$ cat work00.txt   # compact mmCIF, C-alpha atoms (C1' of nucleotides)
# COMPACT_ATOMS: atom_id res chain seq x y z
CA MET A 1 25.38 30.95 -20.05
CA LYS A 2 24.21 27.51 -21.12
CA THR A 3 23.09 24.86 -18.69
CA SER A 4 25.93 22.75 -17.42
CA GLU A 5 26.25 19.12 -18.33
CA VAL A 6 25.12 18.08 -14.87
CA ASP A 7 21.98 20.18 -15.20
CA ALA A 8 21.21 18.59 -18.54
CA GLN A 9 21.58 15.20 -16.89
CA ALA A 10 19.32 16.31 -14.06
CA GLU A 11 16.70 17.41 -16.56
CA ASP A 12 16.74 14.06 -18.31
CA VAL A 13 16.53 12.21 -15.03
CA ALA A 14 13.64 14.40 -13.85
CA ALA A 15 11.74 13.66 -17.05
CA GLY A 16 12.47 9.96 -16.70
CA LEU A 17 11.24 9.93 -13.12
CA ALA A 18 8.04 11.74 -14.07
CA ARG A 19 7.35 9.14 -16.73
CA LEU A 20 7.71 6.42 -14.10
CA LEU A 21 4.59 7.58 -12.32
CA SER A 22 2.13 5.50 -14.30
CA LEU A 23 4.31 2.42 -13.92
CA ILE A 24 4.53 2.88 -10.17
CA ARG A 25 0.81 3.36 -9.90
CA TRP A 26 0.31 0.19 -11.91
CA LEU A 27 2.54 -1.69 -9.47
CA LEU A 28 0.37 -0.76 -6.50
CA PRO A 29 -2.54 -3.06 -5.71
CA PRO A 30 -5.92 -1.40 -6.20
CA GLY A 31 -8.17 -0.39 -3.35
CA MET A 32 -5.74 1.70 -1.36
CA SER A 33 -4.67 5.28 -1.86
CA LEU A 34 -1.06 6.14 -2.56
CA THR A 35 -0.81 7.96 0.75
CA SER A 36 -2.21 5.04 2.74
CA ALA A 37 0.20 2.63 1.13
CA SER A 38 3.12 4.96 1.67
CA THR A 39 2.14 5.50 5.30
CA LEU A 40 2.15 1.78 5.98
CA SER A 41 5.61 1.51 4.45
CA THR A 42 6.86 4.34 6.59
CA LEU A 43 5.51 2.61 9.69
CA GLU A 44 7.26 -0.60 8.72
CA ARG A 45 10.51 1.19 8.07
CA SER A 46 10.54 3.52 11.08
CA GLY A 47 8.50 1.63 13.66
CA PRO A 48 5.76 3.25 15.77
CA CYS A 49 5.28 6.94 15.06
CA ARG A 50 3.24 9.73 16.47
CA LEU A 51 0.49 11.15 14.29
CA THR A 52 2.07 14.50 13.61
CA ALA A 53 5.39 12.95 12.63
CA LEU A 54 3.61 10.69 10.18
CA ALA A 55 1.73 13.61 8.67
CA ALA A 56 4.97 15.49 8.14
CA ALA A 57 6.70 12.45 6.67
CA GLU A 58 3.90 11.90 4.17
CA GLY A 59 3.48 15.56 3.33
CA VAL A 60 -0.18 15.80 4.33
CA THR A 61 -1.87 17.86 7.01
CA GLN A 62 -2.42 16.57 10.51
CA PRO A 63 -6.22 16.27 10.14
CA ALA A 64 -5.73 14.26 6.97
CA MET A 65 -3.44 11.89 8.85
CA THR A 66 -5.93 11.61 11.71
CA GLN A 67 -8.56 10.48 9.24
CA LEU A 68 -6.19 8.22 7.33
CA VAL A 69 -5.02 6.49 10.51
CA GLY A 70 -8.65 6.13 11.54
CA ARG A 71 -9.41 4.30 8.33
CA LEU A 72 -6.31 2.12 8.60
CA ALA A 73 -7.24 1.31 12.21
CA ASP A 74 -10.79 0.41 11.15
CA ALA A 75 -9.27 -1.93 8.60
CA GLY A 76 -7.12 -3.47 11.33
CA LEU A 77 -3.84 -2.57 9.67
CA VAL A 78 -2.58 -0.27 12.44
CA THR A 79 -3.35 0.38 16.09
CA LYS A 80 -3.40 3.65 17.98
CA CYS A 81 -2.01 3.53 21.48
CA ALA A 82 -1.62 6.25 24.06
CA ASP A 83 1.71 7.45 25.36
CA PRO A 84 1.95 6.66 29.10
CA ALA A 85 4.15 9.72 29.66
CA ASP A 86 2.23 12.28 27.58
CA GLY A 87 -1.53 12.04 27.45
CA ARG A 88 -1.78 14.04 24.25
CA VAL A 89 0.25 11.91 21.89
CA VAL A 90 -0.98 8.91 19.94
CA HIS A 91 1.47 6.31 18.77
CA VAL A 92 0.53 4.57 15.56
CA GLN A 93 1.95 1.16 14.90
CA LEU A 94 1.60 -1.56 12.35
CA THR A 95 -0.37 -4.67 13.31
CA ASP A 96 0.51 -8.18 12.18
CA SER A 97 -2.31 -7.85 9.72
CA GLY A 98 -0.73 -4.66 8.41
CA ARG A 99 2.57 -6.42 7.99
CA ASP A 100 0.79 -9.22 6.11
CA TYR A 101 -0.80 -6.66 3.87
CA LEU A 102 2.58 -5.14 3.05
CA ALA A 103 4.00 -8.56 2.29
CA ARG A 104 1.13 -9.32 -0.08
CA ARG A 105 1.58 -5.94 -1.70
CA ARG A 106 5.26 -6.63 -2.30
CA GLU A 107 4.39 -9.98 -3.80
CA PHE A 108 1.84 -8.37 -6.09
CA ARG A 109 4.18 -5.73 -7.43
CA THR A 110 7.11 -8.10 -7.81
CA GLU A 111 4.95 -10.43 -9.84
CA ARG A 112 3.71 -7.58 -12.00
CA LEU A 113 7.16 -6.17 -12.59
CA SER A 114 8.85 -9.51 -13.24
CA GLY A 115 6.86 -9.98 -16.40
CA LEU A 116 8.13 -6.72 -17.83
CA PHE A 117 11.59 -6.94 -16.33
CA ALA A 118 12.27 -10.30 -17.95
CA GLN A 119 11.71 -8.75 -21.36
CA LEU A 120 14.54 -6.25 -20.87
CA SER A 121 18.02 -6.95 -22.15
CA LYS A 122 20.49 -8.15 -19.55
CA ALA A 123 22.27 -4.82 -19.92
CA ASP A 124 19.11 -2.88 -19.16
CA GLN A 125 18.33 -5.09 -16.19
CA ASP A 126 21.79 -4.51 -14.79
CA ALA A 127 21.58 -0.78 -15.45
CA LEU A 128 18.41 -0.59 -13.39
CA ALA A 129 19.89 -2.61 -10.57
CA ALA A 130 23.00 -0.43 -10.63
CA ALA A 131 20.91 2.71 -10.32
CA LEU A 132 19.11 1.55 -7.18
CA PRO A 133 21.60 3.01 -4.68
CA ALA A 134 21.41 6.39 -6.40
CA MET A 135 17.61 6.24 -6.40
CA ASN A 136 17.58 5.50 -2.71
CA ALA A 137 19.99 8.33 -2.06
CA LEU A 138 17.72 10.75 -3.91
CA VAL A 139 14.70 9.59 -1.98
CA SER A 140 16.33 10.00 1.40
CA MET A 141 17.67 13.43 0.47
CA GLN A 142 14.18 14.44 -0.56
CA ARG A 143 12.77 13.16 2.69
CA ASP A 144 15.21 15.35 4.59
CA GLU A 145 14.31 18.29 2.39
CA GLN A 146 10.62 17.78 3.02
CA LEU A 147 11.03 17.67 6.78
CA ARG A 148 13.15 20.83 6.82
CA PRO A 149 11.13 23.88 7.97
CA ALA A 150 11.29 25.71 4.63
CA ASP A 151 14.44 27.76 5.17
CA SER A 152 16.15 28.82 1.97
CA THR A 153 15.79 28.87 -1.81
CA GLY A 154 12.28 27.81 -2.62
CA SER A 155 12.52 24.59 -0.70
CA ALA A 156 9.05 25.07 0.70
CA VAL A 157 7.01 21.96 0.23
CA ARG A 158 3.48 22.56 1.37
CA THR A 159 4.07 26.07 2.60
CA GLU A 160 3.02 27.75 -0.60
CA HIS A 161 -0.70 27.07 -0.27
CA MET B 162 12.41 -24.01 -5.98
CA LYS B 163 14.01 -20.70 -5.04
CA THR B 164 13.44 -17.48 -6.91
CA SER B 165 15.83 -17.02 -9.79
CA GLU B 166 18.43 -14.30 -9.79
CA VAL B 167 16.43 -12.28 -12.27
CA ASP B 168 13.36 -12.44 -10.02
CA ALA B 169 15.42 -11.27 -7.09
CA GLN B 170 16.61 -8.35 -9.18
CA ALA B 171 13.04 -7.62 -10.22
CA GLU B 172 11.98 -7.60 -6.58
CA ASP B 173 14.68 -5.11 -5.66
CA VAL B 174 13.81 -2.89 -8.59
CA ALA B 175 10.10 -3.02 -7.72
CA ALA B 176 10.88 -1.95 -4.17
CA GLY B 177 13.12 0.82 -5.42
CA LEU B 178 10.45 2.09 -7.78
CA ALA B 179 7.84 2.08 -5.02
CA ARG B 180 10.13 4.18 -2.87
CA LEU B 181 10.42 6.71 -5.69
CA LEU B 182 6.78 7.67 -5.35
CA SER B 183 7.25 10.38 -2.77
CA LEU B 184 10.12 11.87 -4.74
CA ILE B 185 8.07 11.96 -7.92
CA ARG B 186 5.17 13.55 -6.14
CA TRP B 187 7.53 16.15 -4.75
CA LEU B 188 8.72 16.95 -8.26
CA LEU B 189 5.23 17.78 -9.48
CA PRO B 190 4.06 21.35 -9.03
CA PRO B 191 1.17 21.68 -6.60
CA GLY B 192 -2.36 22.50 -7.68
CA MET B 193 -2.85 19.77 -10.24
CA SER B 194 -3.77 16.15 -9.78
CA LEU B 195 -1.42 13.42 -10.89
CA THR B 196 -3.94 12.27 -13.46
CA SER B 197 -4.39 15.74 -14.93
CA ALA B 198 -0.66 16.23 -15.25
CA SER B 199 -0.22 12.81 -16.79
CA THR B 200 -3.06 13.44 -19.24
CA LEU B 201 -1.46 16.64 -20.47
CA SER B 202 1.80 14.79 -21.03
CA THR B 203 0.01 12.09 -22.97
CA LEU B 204 -1.62 14.70 -25.17
CA GLU B 205 1.73 16.31 -25.84
CA ARG B 206 3.31 12.99 -26.69
CA SER B 207 0.50 11.48 -28.77
CA GLY B 208 -1.23 14.54 -30.22
CA PRO B 209 -5.03 14.94 -30.28
CA CYS B 210 -6.91 12.04 -28.77
CA ARG B 211 -10.51 11.03 -28.38
CA LEU B 212 -11.91 11.00 -24.88
CA THR B 213 -12.26 7.26 -24.51
CA ALA B 214 -8.74 6.61 -25.71
CA LEU B 215 -7.42 9.07 -23.16
CA ALA B 216 -9.40 7.44 -20.38
CA ALA B 217 -7.96 4.05 -21.30
CA ALA B 218 -4.44 5.43 -21.51
CA GLU B 219 -4.67 7.01 -18.06
CA GLY B 220 -6.42 4.06 -16.47
CA VAL B 221 -9.51 5.98 -15.36
CA THR B 222 -13.16 5.59 -16.34
CA GLN B 223 -14.71 7.49 -19.22
CA PRO B 224 -16.86 9.73 -16.99
CA ALA B 225 -13.78 10.63 -14.98
CA MET B 226 -12.01 11.66 -18.16
CA THR B 227 -15.03 13.67 -19.32
CA GLN B 228 -14.87 15.65 -16.08
CA LEU B 229 -11.11 15.96 -16.14
CA VAL B 230 -11.10 17.26 -19.72
CA GLY B 231 -13.87 19.66 -18.77
CA ARG B 232 -11.72 21.09 -16.02
CA LEU B 233 -8.65 21.29 -18.24
CA ALA B 234 -10.74 23.01 -20.91
CA ASP B 235 -12.08 25.49 -18.35
CA ALA B 236 -8.49 26.24 -17.43
CA GLY B 237 -7.70 26.77 -21.11
CA LEU B 238 -5.10 24.01 -21.25
CA VAL B 239 -6.95 21.86 -23.81
CA THR B 240 -9.73 22.28 -26.34
CA LYS B 241 -12.49 19.87 -27.31
CA CYS B 242 -13.37 19.74 -30.97
CA ALA B 243 -15.91 17.66 -32.82
CA ASP B 244 -15.06 15.07 -35.42
CA PRO B 245 -16.48 16.12 -38.82
CA ALA B 246 -16.96 12.51 -39.84
CA ASP B 247 -18.48 11.11 -36.64
CA GLY B 248 -20.75 13.33 -34.59
CA ARG B 249 -20.26 11.32 -31.43
CA VAL B 250 -16.55 11.65 -30.92
CA VAL B 251 -14.72 14.49 -29.23
CA HIS B 252 -11.09 15.16 -30.00
CA VAL B 253 -9.08 16.62 -27.16
CA GLN B 254 -5.99 18.59 -27.96
CA LEU B 255 -3.43 20.65 -26.12
CA THR B 256 -3.60 24.42 -26.45
CA ASP B 257 -0.55 26.70 -26.58
CA SER B 258 -1.33 27.57 -23.00
CA GLY B 259 -1.27 23.87 -22.15
CA ARG B 260 2.10 23.52 -23.80
CA ASP B 261 3.35 26.50 -21.80
CA TYR B 262 2.10 24.89 -18.64
CA LEU B 263 4.00 21.70 -19.43
CA ALA B 264 7.15 23.68 -20.10
CA ARG B 265 6.85 25.48 -16.77
CA ARG B 266 6.23 22.20 -15.05
CA ARG B 267 9.38 20.73 -16.55
CA GLU B 268 11.33 23.76 -15.39
CA PHE B 269 9.94 23.41 -11.89
CA ARG B 270 10.86 19.77 -11.51
CA THR B 271 14.27 20.17 -13.09
CA GLU B 272 15.08 22.94 -10.67
CA ARG B 273 13.88 20.87 -7.75
CA LEU B 274 15.80 17.78 -8.78
CA SER B 275 19.01 19.60 -9.66
CA GLY B 276 19.58 20.53 -6.05
CA LEU B 277 19.48 16.92 -4.97
CA PHE B 278 21.16 15.53 -8.05
CA ALA B 279 24.22 17.73 -7.61
CA GLN B 280 24.81 16.18 -4.19
CA LEU B 281 25.16 12.70 -5.65
CA SER B 282 28.55 11.25 -6.50
CA LYS B 283 29.49 11.38 -10.15
CA ALA B 284 29.16 7.60 -10.23
CA ASP B 285 25.60 7.75 -8.90
CA GLN B 286 24.68 10.48 -11.36
CA ASP B 287 25.98 8.40 -14.22
CA ALA B 288 24.25 5.29 -12.95
CA LEU B 289 20.92 7.13 -13.00
CA ALA B 290 21.52 8.49 -16.47
CA ALA B 291 22.53 5.03 -17.67
CA ALA B 292 19.29 3.54 -16.34
CA LEU B 293 17.05 5.95 -18.22
CA PRO B 294 16.66 3.85 -21.39
CA ALA B 295 15.67 0.85 -19.30
CA MET B 296 13.18 2.95 -17.35
CA ASN B 297 11.62 4.20 -20.55
CA ALA B 298 11.42 0.68 -21.89
CA LEU B 299 9.59 -0.48 -18.77
CA VAL B 300 7.16 2.39 -18.98
CA SER B 301 6.27 1.76 -22.60
CA MET B 302 5.86 -1.97 -21.97
CA GLN B 303 3.52 -1.15 -19.12
CA ARG B 304 1.54 1.18 -21.31
CA ASP B 305 1.01 -1.62 -23.82
CA GLU B 306 0.04 -3.96 -21.03
CA GLN B 307 -2.51 -1.50 -19.69
CA LEU B 308 -4.18 -1.01 -23.06
CA ARG B 309 -4.47 -4.73 -23.64
CA PRO B 310 -8.03 -6.01 -23.03
CA ALA B 311 -7.18 -8.10 -19.97
CA ASP B 312 -6.45 -11.40 -21.67
CA SER B 313 -4.23 -13.72 -19.65
CA THR B 314 -2.57 -14.12 -16.26
CA GLY B 315 -3.96 -11.48 -13.98
CA SER B 316 -3.05 -8.59 -16.23
CA ALA B 317 -6.35 -6.89 -15.49
CA VAL B 318 -5.78 -3.31 -14.48
CA ARG B 319 -9.04 -1.74 -13.41
CA THR B 320 -11.16 -4.75 -14.18
CA GLU B 321 -11.12 -6.11 -10.67
CA HIS B 322 -13.30 -3.45 -9.07
C1' DG C 323 -35.65 3.17 -45.30
C1' DC C 324 -36.47 2.05 -40.75
C1' DA C 325 -36.41 -0.52 -36.18
C1' DA C 326 -32.88 -2.52 -33.33
C1' DT C 327 -28.38 -2.56 -31.68
C1' DA C 328 -23.94 -0.60 -30.68
C1' DA C 329 -20.75 3.10 -29.67
C1' DA C 330 -19.13 7.74 -27.81
C1' DT C 331 -19.96 11.03 -24.65
C1' DA C 332 -22.66 13.34 -20.84
C1' DT C 333 -25.11 13.50 -16.51
C1' DA C 334 -26.21 12.21 -11.71
C1' DA C 335 -25.54 10.52 -7.12
C1' DG C 336 -22.30 8.99 -3.90
C1' DC C 337 -17.88 8.23 -1.66
C1' DA C 338 -12.81 8.84 -0.50
C1' DG C 339 -9.50 11.80 0.80
C1' DC C 340 -7.69 16.16 0.94
C1' DT C 341 -7.78 21.23 2.77
C1' DA C 342 -8.32 25.28 6.24
C1' DA C 343 -10.21 26.72 10.38
C1' DT C 344 -11.30 25.71 14.88
C1' DA C 345 -12.08 23.07 19.22
C1' DT C 346 -10.45 20.18 22.91
C1' DA C 347 -7.38 18.47 26.10
C1' DA C 348 -2.95 17.78 28.10
C1' DG C 349 1.90 19.35 29.13
C1' DA C 350 5.11 23.37 30.09
C1' DT C 351 6.25 27.88 32.03
C1' DC C 352 6.46 31.52 35.09
C1' DG D 353 -2.55 28.22 39.13
C1' DA D 354 -3.33 31.43 34.98
C1' DT D 355 -1.31 31.36 30.54
C1' DC D 356 0.94 29.67 26.64
C1' DT D 357 2.07 25.84 23.73
C1' DT D 358 1.65 21.32 21.77
C1' DA D 359 -0.89 17.02 20.08
C1' DT D 360 -4.88 15.41 18.37
C1' DA D 361 -9.89 15.70 17.01
C1' DT D 362 -13.79 17.86 14.76
C1' DT D 363 -16.20 20.42 11.18
C1' DA D 364 -17.38 22.16 6.70
C1' DG D 365 -16.21 22.26 2.08
C1' DC D 366 -13.90 20.92 -2.16
C1' DT D 367 -11.75 17.85 -5.81
C1' DG D 368 -11.71 13.87 -8.23
C1' DC D 369 -12.83 9.42 -8.56
C1' DT D 370 -16.56 5.58 -8.88
C1' DT D 371 -21.05 3.14 -10.76
C1' DA D 372 -25.33 3.52 -13.04
C1' DT D 373 -27.88 5.65 -16.43
C1' DA D 374 -29.25 8.95 -20.10
C1' DT D 375 -28.43 11.03 -24.58
C1' DT D 376 -26.91 11.40 -29.05
C1' DT D 377 -25.05 9.50 -33.15
C1' DA D 378 -23.56 5.63 -36.20
C1' DT D 379 -24.25 0.91 -37.89
C1' DT D 380 -26.79 -3.32 -39.08
C1' DG D 381 -30.45 -6.47 -40.55
C1' DC D 382 -34.29 -6.89 -42.87
$ encode --input "work00.txt" --output "structure tokens"
Amino acid sequence: MKTSEVDAQAEDVAAGLARLLSLIRWLLPPGMSLTSASTLSTLERSGPCRLTALAAAEGVTQPAMTQLVGRLADAGLVTKCADPADGRVVHVQLTDSGRDYLARRREFRTERLSGLFAQLSKADQDALAAALPAMNALVSMQRDEQLRPADSTGSAVRTEH
Amino acid sequence: MKTSEVDAQAEDVAAGLARLLSLIRWLLPPGMSLTSASTLSTLERSGPCRLTALAAAEGVTQPAMTQLVGRLADAGLVTKCADPADGRVVHVQLTDSGRDYLARRREFRTERLSGLFAQLSKADQDALAAALPAMNALVSMQRDEQLRPADSTGSAVRTEH
DNA sequence: GCAATAAATATAAGCAGCTAATATAAGATC
DNA sequence: GATCTTATATTAGCTGCTTATATTTATTGC
């Protein structure tokens, strides 16, 4: 049985996404790890989070997130505050300085991309814009997948180590 | 002066690309760094390369690439061979085993993406497929940009460290 | 032809950021 | 109130990057 047409499409899209990696890395400002940057975005999107939830969302271990948040807090980008109801939990939230940092980061990457984007044909520009909803849908499906406790067909994320 | 419509599009696309990072990471098989994986792909695409050229292509320093190639060679995925004409240079090339690895990697990510991709509407699937040429164009423009010796407006890549 | 310079790679020391394993401390349960 | 569980912190170790420097091999000027 040959692969279906949809699978062939999926293969092409997977290859295309993989190729995007270097571009995405190039769009990030230097001096901050991918995980740190992603964590800040998550905090901006979801609001204050507890440590363990953040670790799960970013796909790293809890100790890694403890260290990461420590560094971000040292840099003044987030604050750690205790939960009044539960003395164990730590809520991490973005500071104004963290929000500023994210804004500057957005500016940086928009500026970098604009130069390339402007060189595309109008058709290509529109094709990219038209694909954005689908891209977002994929990302949020993946996020759900990652948070799921590894139930069925090989959907384990970090479990296989 | 307000941002033009194209700039607004570029901003949206940049944000969309940044969000893709976690998905892309999830599509890569564990146990290999992003740079290693990317280096193998580059070797497959471009054929044998000298060390320094690889380092420039991947945006890392030459010592980093020396180490990386050493590890890949230990794993049997690449071989280092001397240049008969110039005793200084080392040519790095993919082994059959390296090619196998890349094939397995492609299989892995296609399988992972297919599950999500199938849940998209047909329209979204087509929109993604239609955006692939534009994505590839962006990536190759970025590659050119990265190899350029940091000439004009802030196009320095690793120069600012 | 040979000293001086340049180029390609290797080595060394150090740091960031991850892991697994374990410790601590604070609820929850009975 | 002893025990179990949950949330975070600590520790030791590894990978993979950095900068600075050493080594080896062309290339150049004279």
$ interface_residues --input "work00.txt" --of "chain B" --to "chain D" --cutoff "9 Å" --atoms "only C-alpha atoms (C1' of nucleotides)" --output "list in words"
Ser194, Val221, Thr222, Ala225, Gln228, Leu229, Asp247, Gly248 and Arg249 of chain B
$ residues_near_point --input "work00.txt" --point "(26.4, 3.5, -12.5)" --cutoff "12 Å" --atoms "only C-alpha atoms (C1' of nucleotides)" --output "PyMOL selection string"
(chain A and resi 123-124+126-135) or (chain B and resi 281-293)
$ interface_residues --input "work00.txt" --of "chain C" --to "chain B" --cutoff "9 Å" --atoms "only C-alpha atoms (C1' of nucleotides)" --output "ChimeraX atom specification"
/C:329-332
$ calpha_fit_and_write --input "work00.txt" --fixed "chain A" --moving "chain B" --output "CSV table (one decimal) with C-alpha atoms, keeping the file's coordinate frame"
chain,number,residue,atom,x,y,z
B,162,MET,CA,25.5,31.0,-19.7
B,163,LYS,CA,24.3,27.6,-20.9
B,164,THR,CA,23.2,24.9,-18.5
B,165,SER,CA,26.0,22.7,-17.3
B,166,GLU,CA,26.3,19.1,-18.2
B,167,VAL,CA,25.2,18.0,-14.8
B,168,ASP,CA,22.1,20.1,-15.1
B,169,ALA,CA,21.3,18.6,-18.4
B,170,GLN,CA,21.7,15.2,-16.8
B,171,ALA,CA,19.4,16.3,-14.0
B,172,GLU,CA,16.8,17.4,-16.5
B,173,ASP,CA,16.8,14.1,-18.3
B,174,VAL,CA,16.6,12.2,-15.0
B,175,ALA,CA,13.7,14.4,-13.8
B,176,ALA,CA,11.8,13.7,-17.0
B,177,GLY,CA,12.5,10.0,-16.7
B,178,LEU,CA,11.3,9.9,-13.1
B,179,ALA,CA,8.1,11.8,-14.1
B,180,ARG,CA,7.4,9.2,-16.8
B,181,LEU,CA,7.7,6.5,-14.2
B,182,LEU,CA,4.6,7.6,-12.4
B,183,SER,CA,2.2,5.6,-14.4
B,184,LEU,CA,4.3,2.5,-14.0
B,185,ILE,CA,4.5,2.9,-10.2
B,186,ARG,CA,0.8,3.4,-10.0
B,187,TRP,CA,0.3,0.2,-12.0
B,188,LEU,CA,2.5,-1.6,-9.5
B,189,LEU,CA,0.4,-0.7,-6.5
B,190,PRO,CA,-2.5,-3.0,-5.7
B,191,PRO,CA,-5.9,-1.4,-6.2
B,192,GLY,CA,-8.1,-0.4,-3.3
B,193,MET,CA,-5.7,1.7,-1.3
B,194,SER,CA,-4.6,5.3,-1.8
B,195,LEU,CA,-1.0,6.1,-2.5
B,196,THR,CA,-0.8,8.0,0.8
B,197,SER,CA,-2.2,5.1,2.8
B,198,ALA,CA,0.2,2.6,1.1
B,199,SER,CA,3.2,5.0,1.7
B,200,THR,CA,2.2,5.5,5.3
B,201,LEU,CA,2.2,1.8,6.0
B,202,SER,CA,5.7,1.6,4.5
B,203,THR,CA,6.9,4.4,6.6
B,204,LEU,CA,5.6,2.7,9.7
B,205,GLU,CA,7.3,-0.5,8.8
B,206,ARG,CA,10.6,1.3,8.1
B,207,SER,CA,10.6,3.7,11.1
B,208,GLY,CA,8.5,1.8,13.7
B,209,PRO,CA,5.8,3.4,15.8
B,210,CYS,CA,5.3,7.1,15.1
B,211,ARG,CA,3.2,9.9,16.5
B,212,LEU,CA,0.5,11.2,14.3
B,213,THR,CA,2.0,14.6,13.6
B,214,ALA,CA,5.4,13.1,12.6
B,215,LEU,CA,3.6,10.8,10.2
B,216,ALA,CA,1.7,13.7,8.7
B,217,ALA,CA,4.9,15.6,8.1
B,218,ALA,CA,6.7,12.5,6.7
B,219,GLU,CA,3.9,11.9,4.2
B,220,GLY,CA,3.4,15.6,3.3
B,221,VAL,CA,-0.2,15.8,4.3
B,222,THR,CA,-2.0,17.9,7.0
B,223,GLN,CA,-2.5,16.6,10.5
B,224,PRO,CA,-6.3,16.2,10.1
B,225,ALA,CA,-5.7,14.2,6.9
B,226,MET,CA,-3.4,11.9,8.8
B,227,THR,CA,-5.9,11.6,11.7
B,228,GLN,CA,-8.5,10.4,9.2
B,229,LEU,CA,-6.2,8.2,7.3
B,230,VAL,CA,-5.0,6.5,10.5
B,231,GLY,CA,-8.6,6.1,11.6
B,232,ARG,CA,-9.3,4.2,8.4
B,233,LEU,CA,-6.2,2.1,8.6
B,234,ALA,CA,-7.2,1.3,12.2
B,235,ASP,CA,-10.7,0.4,11.2
B,236,ALA,CA,-9.2,-2.0,8.6
B,237,GLY,CA,-7.0,-3.5,11.4
B,238,LEU,CA,-3.7,-2.6,9.7
B,239,VAL,CA,-2.5,-0.2,12.5
B,240,THR,CA,-3.3,0.4,16.1
B,241,LYS,CA,-3.3,3.7,18.0
B,242,CYS,CA,-2.0,3.6,21.5
B,243,ALA,CA,-1.6,6.4,24.1
B,244,ASP,CA,1.7,7.6,25.4
B,245,PRO,CA,2.0,6.9,29.2
B,246,ALA,CA,4.1,10.0,29.7
B,247,ASP,CA,2.1,12.5,27.6
B,248,GLY,CA,-1.6,12.2,27.4
B,249,ARG,CA,-1.9,14.2,24.2
B,250,VAL,CA,0.2,12.1,21.9
B,251,VAL,CA,-1.0,9.0,20.0
B,252,HIS,CA,1.5,6.4,18.8
B,253,VAL,CA,0.6,4.7,15.6
B,254,GLN,CA,2.0,1.3,14.9
B,255,LEU,CA,1.7,-1.5,12.4
B,256,THR,CA,-0.2,-4.6,13.3
B,257,ASP,CA,0.7,-8.1,12.2
B,258,SER,CA,-2.2,-7.8,9.7
B,259,GLY,CA,-0.6,-4.6,8.4
B,260,ARG,CA,2.7,-6.4,8.0
B,261,ASP,CA,0.9,-9.2,6.1
B,262,TYR,CA,-0.7,-6.6,3.9
B,263,LEU,CA,2.7,-5.1,3.0
B,264,ALA,CA,4.1,-8.5,2.3
B,265,ARG,CA,1.2,-9.3,-0.1
B,266,ARG,CA,1.6,-5.9,-1.7
B,267,ARG,CA,5.3,-6.6,-2.3
B,268,GLU,CA,4.4,-9.9,-3.9
B,269,PHE,CA,1.8,-8.3,-6.1
B,270,ARG,CA,4.2,-5.7,-7.5
B,271,THR,CA,7.1,-8.1,-7.9
B,272,GLU,CA,4.9,-10.4,-9.9
B,273,ARG,CA,3.6,-7.5,-12.0
B,274,LEU,CA,7.1,-6.1,-12.7
B,275,SER,CA,8.8,-9.5,-13.3
B,276,GLY,CA,6.8,-9.9,-16.5
B,277,LEU,CA,8.0,-6.7,-17.9
B,278,PHE,CA,11.5,-6.9,-16.5
B,279,ALA,CA,12.2,-10.3,-18.1
B,280,GLN,CA,11.6,-8.7,-21.5
B,281,LEU,CA,14.4,-6.2,-21.0
B,282,SER,CA,17.9,-7.0,-22.3
B,283,LYS,CA,20.4,-8.2,-19.7
B,284,ALA,CA,22.2,-4.9,-20.1
B,285,ASP,CA,19.0,-2.9,-19.3
B,286,GLN,CA,18.3,-5.1,-16.3
B,287,ASP,CA,21.7,-4.6,-14.9
B,288,ALA,CA,21.5,-0.9,-15.6
B,289,LEU,CA,18.4,-0.7,-13.5
B,290,ALA,CA,19.9,-2.7,-10.7
B,291,ALA,CA,23.0,-0.6,-10.8
B,292,ALA,CA,20.9,2.6,-10.4
B,293,LEU,CA,19.1,1.4,-7.3
B,294,PRO,CA,21.6,2.9,-4.8
B,295,ALA,CA,21.4,6.2,-6.4
B,296,MET,CA,17.6,6.1,-6.4
B,297,ASN,CA,17.6,5.3,-2.7
B,298,ALA,CA,20.0,8.2,-2.1
B,299,LEU,CA,17.8,10.6,-3.9
B,300,VAL,CA,14.7,9.5,-2.0
B,301,SER,CA,16.4,9.8,1.4
B,302,MET,CA,17.7,13.3,0.5
B,303,GLN,CA,14.2,14.3,-0.5
B,304,ARG,CA,12.8,13.0,2.7
B,305,ASP,CA,15.3,15.2,4.7
B,306,GLU,CA,14.4,18.1,2.5
B,307,GLN,CA,10.7,17.6,3.1
B,308,LEU,CA,11.1,17.5,6.8
B,309,ARG,CA,13.1,20.7,6.9
B,310,PRO,CA,11.1,23.7,8.1
B,311,ALA,CA,11.2,25.5,4.7
B,312,ASP,CA,14.3,27.6,5.3
B,313,SER,CA,16.0,28.7,2.0
B,314,THR,CA,15.5,28.8,-1.7
B,315,GLY,CA,12.0,27.7,-2.5
B,316,SER,CA,12.3,24.4,-0.6
B,317,ALA,CA,8.8,24.9,0.7
B,318,VAL,CA,6.7,21.8,0.2
B,319,ARG,CA,3.2,22.3,1.2
B,320,THR,CA,3.7,25.8,2.5
B,321,GLU,CA,2.7,27.6,-0.7
B,322,HIS,CA,-1.0,26.8,-0.4
$ atom_distance --input "work00.txt" --atom1 "atom CA of A:Ser41" --atom2 "atom CA of A:Met65"
14.5 Å
$ residues_around --input "work00.txt" --residues "stretch 79-81 of chain A" --least-positions-apart "2" --cutoff "10 Å" --atoms "only C-alpha atoms (C1' of nucleotides)" --output "list in words"
Pro48, Cys49, Arg50, Leu51, Val69, Gly70, Leu72, Ala73, Asp74, Ala75, Gly76, Leu77, Asp83, Pro84, Val89, Val90, His91, Val92, Gln93, Leu94, Thr95 and Gly98 of chain A
$ atom_distance --input "work00.txt" --atom1 "atom CA of B:Gly177" --atom2 "atom CA of B:Ala264"
27.8 Å
